[in-house]
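Reproduced below: data-v9.tsv, with TSV, C-alpha atoms and all ligand atoms.
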chain	number	residue	atom	x	y	z
W	1	MET	CA	-1.51	15.75	-3.67
W	2	LEU	CA	-3.75	14.94	-0.71
W	3	TYR	CA	-6.89	12.80	-0.81
W	4	PRO	CA	-10.30	13.60	0.68
W	5	SER	CA	-11.13	11.76	3.89
W	6	PRO	CA	-12.50	9.33	4.89
W	7	ILE	CA	-13.85	8.25	1.47
W	8	PHE	CA	-12.50	9.24	-1.94
W	9	GLY	CA	-13.23	8.25	-5.49
W	10	PRO	CA	-14.17	5.95	-7.03
W	11	VAL	CA	-11.07	6.09	-9.18
W	12	HIS	CA	-9.86	3.73	-11.85
W	13	SER	CA	-6.71	2.05	-10.54
W	14	ARG	CA	-4.24	0.61	-13.04
W	15	ARG	CA	-3.64	-2.26	-10.62
W	16	LEU	CA	-7.02	-2.83	-8.94
W	17	GLY	CA	-9.91	-1.80	-11.24
W	18	LEU	CA	-12.74	0.56	-10.13
W	19	SER	CA	-11.57	1.42	-6.66
W	20	LEU	CA	-13.40	3.22	-3.88
W	21	GLY	CA	-10.77	4.69	-1.60
W	22	ILE	CA	-10.84	4.71	2.20
W	23	ASN	CA	-8.44	7.23	3.72
W	24	LEU	CA	-7.89	6.81	7.47
W	25	MET	CA	-5.84	9.97	7.68
W	26	PRO	CA	-7.10	13.57	7.82
W	27	ALA	CA	-7.92	15.31	4.53
W	28	ASP	CA	-5.56	18.20	5.27
W	29	GLY	CA	-2.40	16.30	6.18
W	30	LYS	CA	-0.29	13.20	5.82
W	31	MET	CA	0.52	10.69	8.59
W	32	CYS	CA	3.02	8.02	7.69
W	33	SER	CA	5.72	5.90	9.29
W	34	PHE	CA	7.67	6.22	6.03
W	35	ASP	CA	8.60	9.44	4.26
W	36	CYS	CA	9.24	8.10	0.76
W	37	ILE	CA	11.00	10.46	-1.59
W	38	TYR	CA	8.58	9.36	-4.33
W	39	CYS	CA	5.38	9.83	-2.26
W	40	GLU	CA	2.62	11.45	-4.30
W	41	CYS	CA	1.30	13.04	-1.07
W	42	GLY	CA	4.59	14.94	-0.71
W	43	PHE	CA	7.20	14.93	2.05
W	44	ASN	CA	5.88	14.50	5.60
W	45	ALA	CA	7.27	17.88	6.64
W	46	ASP	CA	5.36	19.67	3.86
W	47	ALA	CA	2.03	17.96	4.46
W	48	ARG	CA	1.26	18.61	8.13
W	49	GLY	CA	-2.42	19.22	8.76
W	50	GLY	CA	-4.09	20.10	12.01
W	51	SER	CA	-7.11	17.82	11.83
W	52	PRO	CA	-7.46	14.50	13.65
W	53	ARG	CA	-7.90	11.16	11.90
W	54	PRO	CA	-11.52	10.23	11.08
W	55	THR	CA	-13.14	8.08	13.76
W	56	ARG	CA	-14.36	4.54	13.20
W	57	ASP	CA	-17.99	5.80	13.05
W	58	GLU	CA	-17.14	8.54	10.56
W	59	VAL	CA	-15.46	6.00	8.29
W	60	ALA	CA	-18.39	3.56	8.47
W	61	GLN	CA	-20.99	6.29	7.89
W	62	GLY	CA	-19.06	7.78	4.96
W	63	LEU	CA	-18.56	4.38	3.36
W	64	GLN	CA	-22.22	3.45	3.75
W	65	ARG	CA	-23.35	6.74	2.19
W	66	GLN	CA	-21.06	6.27	-0.82
W	67	LEU	CA	-22.04	2.63	-1.33
W	68	GLU	CA	-25.73	3.59	-1.22
W	69	LEU	CA	-25.04	6.21	-3.88
W	70	MET	CA	-23.08	3.85	-6.10
W	71	SER	CA	-25.68	1.13	-5.63
W	72	ALA	CA	-28.42	3.53	-6.79
W	73	GLU	CA	-26.32	4.39	-9.86
W	74	GLY	CA	-25.77	0.69	-10.62
W	75	ARG	CA	-22.00	1.19	-10.58
W	76	LEU	CA	-20.49	-0.79	-7.73
W	77	PRO	CA	-16.76	-0.81	-6.97
W	78	ASP	CA	-14.47	-3.72	-7.85
W	79	VAL	CA	-12.43	-3.00	-4.79
W	80	LEU	CA	-12.54	-1.04	-1.54
W	81	THR	CA	-9.01	0.24	-1.09
W	82	PHE	CA	-7.43	1.48	2.11
W	83	ALA	CA	-4.91	4.07	0.95
W	84	GLY	CA	-4.67	7.86	0.93
W	85	ASN	CA	-2.65	10.30	2.98
W	86	GLY	CA	-0.31	7.91	4.75
W	87	GLU	CA	-0.23	4.53	6.43
W	88	PRO	CA	-3.71	3.08	7.15
W	89	THR	CA	-2.59	0.52	9.73
W	90	LEU	CA	-1.44	3.35	12.03
W	91	HIS	CA	-5.11	4.13	12.80
W	92	PRO	CA	-5.76	2.98	16.40
W	93	GLN	CA	-9.15	1.52	15.37
W	94	PHE	CA	-7.84	-0.19	12.22
W	95	ALA	CA	-9.09	-3.68	13.19
W	96	ASP	CA	-12.59	-2.41	14.01
W	97	ILE	CA	-12.70	-0.43	10.77
W	98	ILE	CA	-11.80	-3.57	8.81
W	99	ALA	CA	-14.68	-5.39	10.54
W	100	ASP	CA	-17.11	-2.57	9.63
W	101	THR	CA	-15.87	-2.53	6.04
W	102	ARG	CA	-16.39	-6.28	5.67
W	103	ARG	CA	-19.96	-5.90	6.96
W	104	LEU	CA	-20.75	-3.05	4.54
W	105	ARG	CA	-19.04	-4.82	1.63
W	106	ASP	CA	-21.14	-7.95	2.25
W	107	ALA	CA	-24.31	-5.85	2.39
W	108	TYR	CA	-23.79	-3.63	-0.67
W	109	CYS	CA	-21.19	-5.16	-2.99
W	110	PRO	CA	-20.35	-8.74	-1.97
W	111	GLU	CA	-18.27	-9.20	-5.13
W	112	ALA	CA	-15.90	-6.36	-4.21
W	113	ARG	CA	-12.52	-7.14	-2.74
W	114	ILE	CA	-11.06	-5.29	0.21
W	115	SER	CA	-7.49	-4.14	-0.36
W	116	VAL	CA	-5.06	-2.54	2.04
W	117	LEU	CA	-2.04	-0.70	0.64
W	118	SER	CA	0.48	-0.64	3.46
W	119	ASN	CA	4.16	0.05	3.99
W	120	ALA	CA	4.49	-3.03	6.26
W	121	THR	CA	5.86	-1.10	9.23
W	122	GLN	CA	3.02	-2.26	11.52
W	123	VAL	CA	2.79	-5.93	10.49
W	124	THR	CA	4.71	-7.07	13.56
W	125	LYS	CA	1.74	-6.02	15.74
W	126	PRO	CA	-0.61	-8.96	16.42
W	127	ALA	CA	-3.82	-6.88	16.10
W	128	VAL	CA	-2.71	-5.50	12.73
W	129	HIS	CA	-1.68	-8.96	11.54
W	130	GLN	CA	-5.08	-10.41	12.50
W	131	ALA	CA	-6.99	-7.60	10.78
W	132	LEU	CA	-4.93	-7.98	7.60
W	133	MET	CA	-5.69	-11.70	7.54
W	134	LEU	CA	-9.35	-10.67	7.08
W	135	VAL	CA	-8.85	-8.56	3.94
W	136	ASP	CA	-8.73	-9.95	0.41
W	137	ASN	CA	-5.66	-8.13	-0.85
W	138	ASN	CA	-3.08	-7.58	1.86
W	139	ILE	CA	-0.62	-5.50	-0.16
W	140	GLN	CA	2.63	-4.76	1.65
W	141	LYS	CA	5.49	-2.60	0.45
W	142	LEU	CA	9.03	-3.97	0.28
W	143	ASP	CA	11.01	-1.69	-2.04
W	144	THR	CA	14.37	-3.31	-1.33
W	145	VAL	CA	16.08	-5.21	1.47
W	146	ASP	CA	19.14	-2.98	1.50
W	147	ILE	CA	18.84	-0.93	4.68
W	148	ASP	CA	20.88	1.97	3.29
W	149	ILE	CA	18.59	2.26	0.27
W	150	ILE	CA	15.54	1.96	2.52
W	151	ARG	CA	16.86	4.86	4.61
W	152	ARG	CA	17.36	6.99	1.49
W	153	LEU	CA	14.26	5.89	-0.44
W	154	ASP	CA	11.53	5.12	2.13
W	155	ARG	CA	13.04	7.05	5.06
W	156	PRO	CA	11.35	5.07	7.88
W	157	ALA	CA	10.63	6.48	11.32
W	158	PRO	CA	13.08	5.45	14.08
W	159	GLY	CA	12.80	1.84	15.25
W	160	TYR	CA	12.40	0.31	11.81
W	161	ASP	CA	13.49	-3.34	11.95
W	162	LEU	CA	13.77	-4.83	8.46
W	163	GLN	CA	14.40	-8.41	9.57
W	164	ALA	CA	11.44	-8.38	11.97
W	165	ILE	CA	9.24	-7.10	9.15
W	166	ILE	CA	10.38	-9.78	6.71
W	167	ASP	CA	9.72	-12.41	9.40
W	168	ALA	CA	6.25	-10.93	10.01
W	169	LEU	CA	5.48	-10.93	6.28
W	170	ALA	CA	6.40	-14.62	6.18
W	171	ARG	CA	3.97	-15.27	9.06
W	172	PHE	CA	1.06	-14.34	6.77
W	173	ASN	CA	1.66	-17.81	5.30
W	174	GLY	CA	1.07	-16.60	1.77
W	175	HIS	CA	-1.84	-14.26	2.59
W	176	VAL	CA	0.18	-11.28	1.41
W	177	ILE	CA	1.01	-9.50	-1.84
W	178	VAL	CA	4.38	-7.78	-1.96
W	179	GLN	CA	4.51	-4.49	-3.85
W	180	THR	CA	7.83	-3.02	-4.90
W	181	MET	CA	8.52	0.38	-6.43
W	182	PHE	CA	11.54	0.28	-8.73
W	183	LEU	CA	13.05	3.54	-9.84
W	184	THR	CA	16.30	5.15	-10.91
W	185	GLY	CA	17.99	8.50	-10.43
W	186	HIS	CA	20.11	9.46	-7.44
W	187	VAL	CA	18.54	6.44	-5.69
W	188	ASP	CA	18.39	3.30	-7.82
W	189	ASN	CA	17.11	-0.05	-6.53
W	190	THR	CA	17.19	-1.83	-9.92
W	191	ASP	CA	20.83	-2.90	-9.73
W	192	GLU	CA	21.66	-6.58	-9.30
W	193	GLN	CA	23.17	-5.95	-5.85
W	194	TYR	CA	19.65	-4.96	-4.70
W	195	VAL	CA	17.48	-7.23	-6.85
W	196	ALA	CA	19.19	-10.52	-5.92
W	197	PRO	CA	18.74	-10.14	-2.11
W	198	TRP	CA	15.18	-8.87	-2.67
W	199	LEU	CA	14.44	-12.11	-4.57
W	200	GLU	CA	15.89	-14.09	-1.65
W	201	ALA	CA	13.54	-12.24	0.73
W	202	LEU	CA	10.60	-13.09	-1.54
W	203	LYS	CA	11.53	-16.75	-1.28
W	204	ARG	CA	11.41	-16.44	2.52
W	205	ILE	CA	8.10	-14.51	2.52
W	206	ALA	CA	6.44	-16.74	-0.14
W	207	PRO	CA	3.73	-14.19	-1.02
W	208	GLN	CA	0.65	-15.08	-3.09
W	209	SER	CA	1.88	-12.63	-5.72
W	210	VAL	CA	4.17	-9.69	-6.35
W	211	MET	CA	3.40	-6.28	-7.84
W	212	VAL	CA	6.30	-4.55	-9.55
W	213	TYR	CA	5.72	-0.95	-10.52
W	214	THR	CA	7.42	2.37	-11.06
W	215	ILE	CA	6.73	6.08	-10.73
W	216	ASP	CA	3.42	7.10	-12.28
W	217	ARG	CA	2.77	10.56	-10.83
W	218	PRO	CA	4.90	13.60	-9.98
W	219	THR	CA	7.27	12.95	-7.07
W	220	PRO	CA	8.37	15.48	-4.44
W	221	ASP	CA	11.98	14.60	-5.29
W	222	HIS	CA	12.11	15.78	-8.89
W	223	SER	CA	15.35	14.01	-9.77
W	224	LEU	CA	13.84	10.50	-9.62
W	225	ARG	CA	13.25	8.59	-12.86
W	226	LYS	CA	11.01	5.74	-13.91
W	227	ALA	CA	12.55	2.30	-14.21
W	228	ASP	CA	12.28	1.33	-17.87
W	229	ALA	CA	9.93	-1.38	-19.12
W	230	GLN	CA	12.76	-3.75	-20.06
W	231	THR	CA	14.17	-3.63	-16.52
W	232	LEU	CA	10.77	-4.16	-14.91
W	233	ASP	CA	9.96	-7.06	-17.24
W	234	ALA	CA	13.30	-8.73	-16.53
W	235	ILE	CA	12.74	-8.45	-12.76
W	236	ALA	CA	9.20	-9.80	-13.10
W	237	GLU	CA	10.47	-12.79	-15.08
W	238	ARG	CA	12.86	-13.63	-12.27
W	239	VAL	CA	9.99	-13.48	-9.75
W	240	ARG	CA	7.90	-15.80	-11.95
W	241	ALA	CA	10.85	-18.17	-12.19
W	242	LEU	CA	10.48	-18.57	-8.40
W	243	GLY	CA	6.93	-19.82	-9.00
W	244	MET	CA	5.19	-16.59	-7.93
W	245	ALA	CA	2.67	-14.59	-9.98
W	246	CYS	CA	4.01	-11.13	-10.75
W	247	SER	CA	2.23	-8.14	-12.31
W	248	VAL	CA	4.02	-5.13	-13.77
W	249	ALA	CA	2.69	-1.56	-13.99
W	250	TYR	CA	4.87	0.69	-16.17
W	301	LIG	S1	4.51	4.59	2.52
W	301	LIG	FE1	3.09	5.40	0.99
W	301	LIG	S2	2.05	7.14	2.01
W	301	LIG	FE2	3.87	6.62	3.23
W	301	LIG	S3	5.45	8.02	2.50
W	301	LIG	FE3	5.65	6.08	1.35
W	301	LIG	S4	4.43	6.37	-0.52
W	301	LIG	FE4	3.82	7.96	0.95
If you took the structure in this file and wrote it as structure tokens, what would it be?
Ligand code: SF4
Amino acid sequence: MLYPSPIFGPVHSRRLGLSLGINLMPADGKMCSFDCIYCECGFNADARGGSPRPTRDEVAQGLQRQLELMSAEGRLPDVLTFAGNGEPTLHPQFADIIADTRRLRDAYCPEARISVLSNATQVTKPAVHQALMLVDNNIQKLDTVDIDIIRRLDRPAPGYDLQAIIDALARFNGHVIVQTMFLTGHVDNTDEQYVAPWLEALKRIAPQSVMVYTIDRPTPDHSLRKADAQTLDAIAERVRALGMACSVAY
């Protein structure tokens, strides 16, 4: 499934409310520094488009048009969400686009929050860090801290440095929400040998909150299974025992 670009929705998000999506990737392809085997956009190799990313101006113009429309309908979004066909922070104008989005949010829907759903691969870059400090919900993926499972589950591009990323997440000084996909099947990150070190990493990162969730839509790897509610609840309780808020989406 690929999303329209640069604006899609609004859609009702189980985690975020009425969400207007901002997709910084082309509509006809996926661009990501991960290649997760659960990605609803499909495997990178199967989702190659030929179009370029939308420019900063195209994003701002598309967002303004949609906010004008929603304003006229009296149905403003709860959240402006950077997501879609890949990793938003890979866009070379990401920081400028965040600045434009804040300006348009303040003008049309000052109550709305700006969320970025990211895989955390770019958080070591100072410009990306600074831009993410300016959004309301800086949501960063950390599915496990076991590098073998990361290679099988998230399949990062070469150069992935887990320890540098954990250090960079800690440098947000709490201005970060960690999101973790738990699942089972031929890859399973719910076992204690993975959960205990992940909890240790959370202690180091000290995020403002944690989002625990599982598969909700068809995955390109058909053998994956949802983590059950009991498992997710037990993990969430252990996060809360560390003094962190934790939401669960089943
Ligand atoms: S990080 Fe997100 S967009 Fe990228 S492959 Fe994984 S699920 Fe898909």
10 Å from ligand LIG 301 (chain W) is the threshold here; counting all atoms listed in the file, which polymer residues fall inside it? Answer as a PyMOL selection string. chain W and resi 30-44+83-88+117-121+140-142+153-156+181+219
Let me have the centre and edge lengths of the axis-aligned box enclosing all listed atoms of segment 25-28 of chain W with 6 Å padding on every side, in Å to one decimal, as lines of an AutoDock Vina configuration file.
center_x = -6.7
center_y = 14.1
center_z = 6.2
size_x = 14.4
size_y = 20.2
size_z = 15.3
Long-range neighbours of Ser209 of chain W as a list of chain:residue names, 9 Å cut-off, all atoms listed in the file, 4 positions minimum in chain: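 Final neighbour list, sorted by chain and number: W:Gly174, W:Val176, W:Ile177, W:Val178, W:Gln179, W:Met244, W:Ala245, W:Cys246, W:Ser247.
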File dump, residues just selected, C-alpha atoms, as a PDB file, in the coordinates of the input:
ATOM      1  CA  GLY W 174       1.070 -16.600   1.770  1.00  0.00           C
ATOM      2  CA  VAL W 176       0.180 -11.280   1.410  1.00  0.00           C
ATOM      3  CA  ILE W 177       1.010  -9.500  -1.840  1.00  0.00           C
ATOM      4  CA  VAL W 178       4.380  -7.780  -1.960  1.00  0.00           C
ATOM      5  CA  GLN W 179       4.510  -4.490  -3.850  1.00  0.00           C
ATOM      6  CA  MET W 244       5.190 -16.590  -7.930  1.00  0.00           C
ATOM      7  CA  ALA W 245       2.670 -14.590  -9.980  1.00  0.00           C
ATOM      8  CA  CYS W 246       4.010 -11.130 -10.750  1.00  0.00           C
ATOM      9  CA  SER W 247       2.230  -8.140 -12.310  1.00  0.00           C
TER      10      SER W 247
END
Within 8 Å of segment 160-171 of chain W, counting all atoms listed in the file, which residues show up once you throw out same-chain ones fewer than 5 positions away? Write them as a CSV table (one decimal) with C-alpha atoms, keeping the file's coordinate frame, please.
chain,number,residue,atom,x,y,z
W,120,ALA,CA,4.5,-3.0,6.3
W,121,THR,CA,5.9,-1.1,9.2
W,123,VAL,CA,2.8,-5.9,10.5
W,124,THR,CA,4.7,-7.1,13.6
W,145,VAL,CA,16.1,-5.2,1.5
W,147,ILE,CA,18.8,-0.9,4.7
W,176,VAL,CA,0.2,-11.3,1.4
W,201,ALA,CA,13.5,-12.2,0.7
W,204,ARG,CA,11.4,-16.4,2.5
W,205,ILE,CA,8.1,-14.5,2.5
W,206,ALA,CA,6.4,-16.7,-0.1
W,207,PRO,CA,3.7,-14.2,-1.0
I'd like a table as CSV: residues in segment 14-34 of chain W with an atom no more than 12 Å from segment 1-9 of chain W, each row giving the shortest atom pair and its distance in Å to one decimal, all atoms listed in the file counted, sorted by chain and rising residue number.
residue,atom,partner,partner_atom,distance
W:Leu18,CA,W:Gly9,CA,9.0
W:Ser19,CA,W:Gly9,CA,7.1
W:Leu20,CA,W:Gly9,CA,5.3
W:Gly21,CA,W:Phe8,CA,4.9
W:Ile22,CA,W:Ile7,CA,4.7
W:Asn23,CA,W:Pro6,CA,4.7
W:Leu24,CA,W:Pro6,CA,5.9
W:Met25,CA,W:Ser5,CA,6.7
W:Pro26,CA,W:Ser5,CA,5.9
W:Ala27,CA,W:Ser5,CA,4.8
W:Asp28,CA,W:Leu2,CA,7.0
W:Gly29,CA,W:Leu2,CA,7.2
W:Lys30,CA,W:Leu2,CA,7.6
W:Met31,CA,W:Leu2,CA,11.1
What gap, in Å, lies between atom CA of Ile150 of chain W and atom CA of Val79 of chain W?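 These atoms are spaced 29.3 Å apart.
Going from atom CA of Lys203 of chain W to atom CA of Leu242 of chain W covers 7.4 Å.
You will find atom CA of Pro54 of chain W at 9.0 Å from atom CA of His91 of chain W.
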Extract, using only C-alpha atoms, all DNA, RNA and protein residues at most 7 Å from segment 190-200 of chain W, discarding same-chain residues fewer than 2 positions from it, and format them as a list in words. Thr144, Val145, Asp146, Phe182, Leu183, Asp188, Leu202, Lys203, Arg204 and Val239 of chain W
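Each of W:Gln66, W:Gln122, W:Gln208, W:Thr55 was compared to Asp96 of chain W using only C-alpha atoms, and W:Thr55 turns out to be the nearest.
In this comparison, which uses only C-alpha atoms, the residue of W:Pro220, W:His175, W:Val59, W:Ala236 approaching Ala47 of chain W most closely is W:Pro220.
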How would segment 108-162 of chain W look written as an mmCIF file, in the first residue's frame with C-alpha atoms?
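Dumped everything to decode12.cif:
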data_model
loop_
_atom_site.group_PDB
_atom_site.id
_atom_site.type_symbol
_atom_site.label_atom_id
_atom_site.label_comp_id
_atom_site.auth_asym_id
_atom_site.auth_seq_id
_atom_site.Cartn_x
_atom_site.Cartn_y
_atom_site.Cartn_z
ATOM 1 C CA TYR W 108 -4.959 27.275 10.608
ATOM 2 C CA CYS W 109 -5.117 24.819 13.509
ATOM 3 C CA PRO W 110 -3.030 26.019 16.468
ATOM 4 C CA GLU W 111 -4.398 23.204 18.639
ATOM 5 C CA ALA W 112 -3.039 20.508 16.324
ATOM 6 C CA ARG W 113 0.134 18.688 17.230
ATOM 7 C CA ILE W 114 2.899 17.961 14.758
ATOM 8 C CA SER W 115 4.060 14.353 14.827
ATOM 9 C CA VAL W 116 6.951 12.720 13.031
ATOM 10 C CA LEU W 117 6.989 8.932 12.682
ATOM 11 C CA SER W 118 10.615 8.029 12.105
ATOM 12 C CA ASN W 119 12.839 4.973 12.155
ATOM 13 C CA ALA W 120 15.570 6.899 14.048
ATOM 14 C CA THR W 121 18.283 6.231 11.475
ATOM 15 C CA GLN W 122 18.909 9.958 10.902
ATOM 16 C CA VAL W 123 18.782 11.227 14.507
ATOM 17 C CA THR W 124 22.567 11.393 14.739
ATOM 18 C CA LYS W 125 22.527 14.286 12.223
ATOM 19 C CA PRO W 126 22.508 17.678 13.991
ATOM 20 C CA ALA W 127 20.072 19.314 11.509
ATOM 21 C CA VAL W 128 17.597 16.447 11.908
ATOM 22 C CA HIS W 129 17.961 16.535 15.694
ATOM 23 C CA GLN W 130 17.273 20.282 15.776
ATOM 24 C CA ALA W 131 14.211 19.981 13.529
ATOM 25 C CA LEU W 132 12.799 17.139 15.637
ATOM 26 C CA MET W 133 13.193 19.253 18.764
ATOM 27 C CA LEU W 134 10.633 21.615 17.166
ATOM 28 C CA VAL W 135 7.859 19.047 16.680
ATOM 29 C CA ASP W 136 5.357 18.057 19.355
ATOM 30 C CA ASN W 137 5.536 14.291 18.983
ATOM 31 C CA ASN W 138 8.997 13.092 18.028
ATOM 32 C CA ILE W 139 8.179 9.408 17.589
ATOM 33 C CA GLN W 140 11.215 7.209 16.982
ATOM 34 C CA LYS W 141 11.259 3.501 16.241
ATOM 35 C CA LEU W 142 13.311 1.113 18.365
ATOM 36 C CA ASP W 143 11.946 -2.386 17.750
ATOM 37 C CA THR W 144 14.678 -4.167 19.701
ATOM 38 C CA VAL W 145 18.304 -3.617 20.666
ATOM 39 C CA ASP W 146 19.444 -7.003 19.410
ATOM 40 C CA ILE W 147 21.411 -6.283 16.253
ATOM 41 C CA ASP W 148 20.698 -9.708 14.733
ATOM 42 C CA ILE W 149 16.956 -9.214 15.142
ATOM 43 C CA ILE W 150 17.243 -5.669 13.775
ATOM 44 C CA ARG W 151 18.988 -7.062 10.689
ATOM 45 C CA ARG W 152 16.221 -9.629 10.175
ATOM 46 C CA LEU W 153 13.250 -7.462 11.182
ATOM 47 C CA ASP W 154 14.076 -3.867 10.182
ATOM 48 C CA ARG W 155 16.831 -4.662 7.658
ATOM 49 C CA PRO W 156 18.691 -1.312 7.877
ATOM 50 C CA ALA W 157 20.792 0.125 5.067
ATOM 51 C CA PRO W 158 24.588 -0.304 5.462
ATOM 52 C CA GLY W 159 26.209 1.882 8.114
ATOM 53 C CA TYR W 160 23.534 1.406 10.752
ATOM 54 C CA ASP W 161 25.064 2.073 14.183
ATOM 55 C CA LEU W 162 22.702 1.003 16.969
#
